Amino acid sequence: LAGRPPGAGVVALVGDLPALRAADLLDALHAAERHPRSFVRDLAGTGTTLLAAAAGVPLDPRFGPDSARRHAESGAVELEAGTSLRADVDSASDLRFCLRLGAGLLTSQMSPDLV
């Protein structure tokens, strides 16, 4: 982060989005530019998959249980986002859903009995 260009904001993105589409991420990043702080709620409705802060604004992450509510209460604006950006994996059924959406090559090659 220290090497980012002056005037650039910062984004925290969870690492368990195996079906993430570039277009969904880019749409959310463009929407985030309109707010000091913003977030994307996961499909379950309680978690957060993306948290963004504009340049000079503290990110103030509140990840963990019920993070979507806590990010909203902290003043972050909830962004509309495509399904692939909201589809994190917290359970086997979440992974099956992501596989149906179309996950990346390695995730798609997982044995069905593991899921």
# chains A, B, ... in the order shown; residues from 1 in each chain; ligands from 1

$ residues_around --residues "Val11 in chain A" --least-positions-apart "4" --cutoff "7 Å" --atoms "only C-alpha atoms" --output "list in words"
Leu50, Leu51, Ala52 and Ala53 of chain A

$ write_last_selection --atoms "N, CA and C atoms" --output "short mmCIF file (atom, residue, chain, number, x, y, z; two decimals), in the first residue's frame"
data_model
loop_
_atom_site.label_atom_id
_atom_site.label_comp_id
_atom_site.auth_asym_id
_atom_site.auth_seq_id
_atom_site.Cartn_x
_atom_site.Cartn_y
_atom_site.Cartn_z
N LEU A 50 -16.18 -6.93 -0.18
CA LEU A 50 -15.32 -5.84 -0.64
C LEU A 50 -15.56 -4.63 0.26
N LEU A 51 -14.48 -3.97 0.63
CA LEU A 51 -14.55 -2.73 1.40
C LEU A 51 -13.60 -1.75 0.72
N ALA A 52 -14.08 -0.54 0.43
CA ALA A 52 -13.27 0.45 -0.27
C ALA A 52 -13.26 1.77 0.47
N ALA A 53 -12.15 2.48 0.36
CA ALA A 53 -12.02 3.82 0.94
C ALA A 53 -11.31 4.72 -0.06
#

$ select_by_dssp --residues "range 39-97 of chain A" --states "strand (DSSP E)" --output "PyMOL selection string"
chain A and resi 39-41+48-53+77-78

$ closest_atom_pairs --of "range 13-56 of chain A" --to "range 94-108 of chain A" --cutoff "9 Å" --atoms "only C-alpha atoms" --output "CSV"
residue,atom,partner,partner_atom,distance
A:Leu17,CA,A:Cys98,CA,8.1
A:Pro18,CA,A:Ala103,CA,5.1
A:Ala19,CA,A:Ala103,CA,4.1
A:Leu20,CA,A:Ala103,CA,7.4

$ select_by_dssp --residues "chain A" --states "alpha helix (DSSP H)" --output "PyMOL selection string"
chain A and resi 22-32+67-73+83-86+92-101+105-108

$ residues_around --residues "Leu26 in chain A" --least-positions-apart "5" --cutoff "12 Å" --atoms "only C-alpha atoms" --output "PDB file with N, CA, C and O atoms, in the first residue's frame"
ATOM      1  N   VAL A  11      -8.679  -0.730  -1.435  1.00  0.00           N
ATOM      2  CA  VAL A  11      -9.770  -1.697  -1.433  1.00  0.00           C
ATOM      3  C   VAL A  11      -9.304  -2.976  -0.755  1.00  0.00           C
ATOM      4  O   VAL A  11      -8.197  -3.448  -1.019  1.00  0.00           O
ATOM      5  N   LEU A  20     -15.500 -15.035  -9.319  1.00  0.00           N
ATOM      6  CA  LEU A  20     -15.440 -13.595  -9.564  1.00  0.00           C
ATOM      7  C   LEU A  20     -15.212 -13.274 -11.038  1.00  0.00           C
ATOM      8  O   LEU A  20     -14.333 -13.834 -11.680  1.00  0.00           O
ATOM      9  N   ARG A  21     -16.026 -12.368 -11.550  1.00  0.00           N
ATOM     10  CA  ARG A  21     -15.909 -11.878 -12.924  1.00  0.00           C
ATOM     11  C   ARG A  21     -15.306 -10.478 -12.879  1.00  0.00           C
ATOM     12  O   ARG A  21     -15.689  -9.635 -12.056  1.00  0.00           O
ATOM     13  N   ALA A  31     -18.274   2.273  -8.946  1.00  0.00           N
ATOM     14  CA  ALA A  31     -19.317   2.779  -8.038  1.00  0.00           C
ATOM     15  C   ALA A  31     -18.690   3.281  -6.735  1.00  0.00           C
ATOM     16  O   ALA A  31     -19.126   4.290  -6.177  1.00  0.00           O
ATOM     17  N   ALA A  32     -17.654   2.604  -6.266  1.00  0.00           N
ATOM     18  CA  ALA A  32     -16.999   2.988  -5.014  1.00  0.00           C
ATOM     19  C   ALA A  32     -16.350   4.366  -5.121  1.00  0.00           C
ATOM     20  O   ALA A  32     -16.238   5.071  -4.113  1.00  0.00           O
ATOM     21  N   GLU A  33     -15.972   4.763  -6.307  1.00  0.00           N
ATOM     22  CA  GLU A  33     -15.331   6.072  -6.490  1.00  0.00           C
ATOM     23  C   GLU A  33     -16.244   7.229  -6.100  1.00  0.00           C
ATOM     24  O   GLU A  33     -15.765   8.338  -5.858  1.00  0.00           O
ATOM     25  N   LEU A  50     -16.180  -6.926  -0.185  1.00  0.00           N
ATOM     26  CA  LEU A  50     -15.321  -5.836  -0.635  1.00  0.00           C
ATOM     27  C   LEU A  50     -15.562  -4.629   0.256  1.00  0.00           C
ATOM     28  O   LEU A  50     -16.708  -4.329   0.598  1.00  0.00           O
ATOM     29  N   ALA A  81     -23.953  -4.920  -6.429  1.00  0.00           N
ATOM     30  CA  ALA A  81     -22.853  -5.637  -7.074  1.00  0.00           C
ATOM     31  C   ALA A  81     -23.371  -6.896  -7.747  1.00  0.00           C
ATOM     32  O   ALA A  81     -24.383  -7.472  -7.333  1.00  0.00           O
ATOM     33  N   GLY A  82     -22.651  -7.319  -8.759  1.00  0.00           N
ATOM     34  CA  GLY A  82     -22.976  -8.552  -9.468  1.00  0.00           C
ATOM     35  C   GLY A  82     -22.805  -9.761  -8.568  1.00  0.00           C
ATOM     36  O   GLY A  82     -22.046  -9.734  -7.592  1.00  0.00           O
ATOM     37  N   SER A  84     -21.254 -12.535  -8.879  1.00  0.00           N
ATOM     38  CA  SER A  84     -19.934 -13.153  -8.717  1.00  0.00           C
ATOM     39  C   SER A  84     -19.091 -12.451  -7.654  1.00  0.00           C
ATOM     40  O   SER A  84     -18.237 -13.076  -7.027  1.00  0.00           O
ATOM     41  N   LEU A  85     -19.328 -11.177  -7.416  1.00  0.00           N
ATOM     42  CA  LEU A  85     -18.602 -10.445  -6.383  1.00  0.00           C
ATOM     43  C   LEU A  85     -19.215 -10.667  -5.003  1.00  0.00           C
ATOM     44  O   LEU A  85     -18.568 -10.453  -3.988  1.00  0.00           O
TER      45      LEU A  85
END

$ residues_around --residues "range 54-56 of chain A" --least-positions-apart "6" --cutoff "8 Å" --atoms "only C-alpha atoms" --output "PyMOL selection string"
chain A and resi 6-10+33+35-37

$ residues_around --residues "His71 in chain A" --least-positions-apart "4" --cutoff "10 Å" --atoms "only C-alpha atoms" --output "ChimeraX atom specification"
/A:37-41,47-48,51,60-63,66-67,75-78
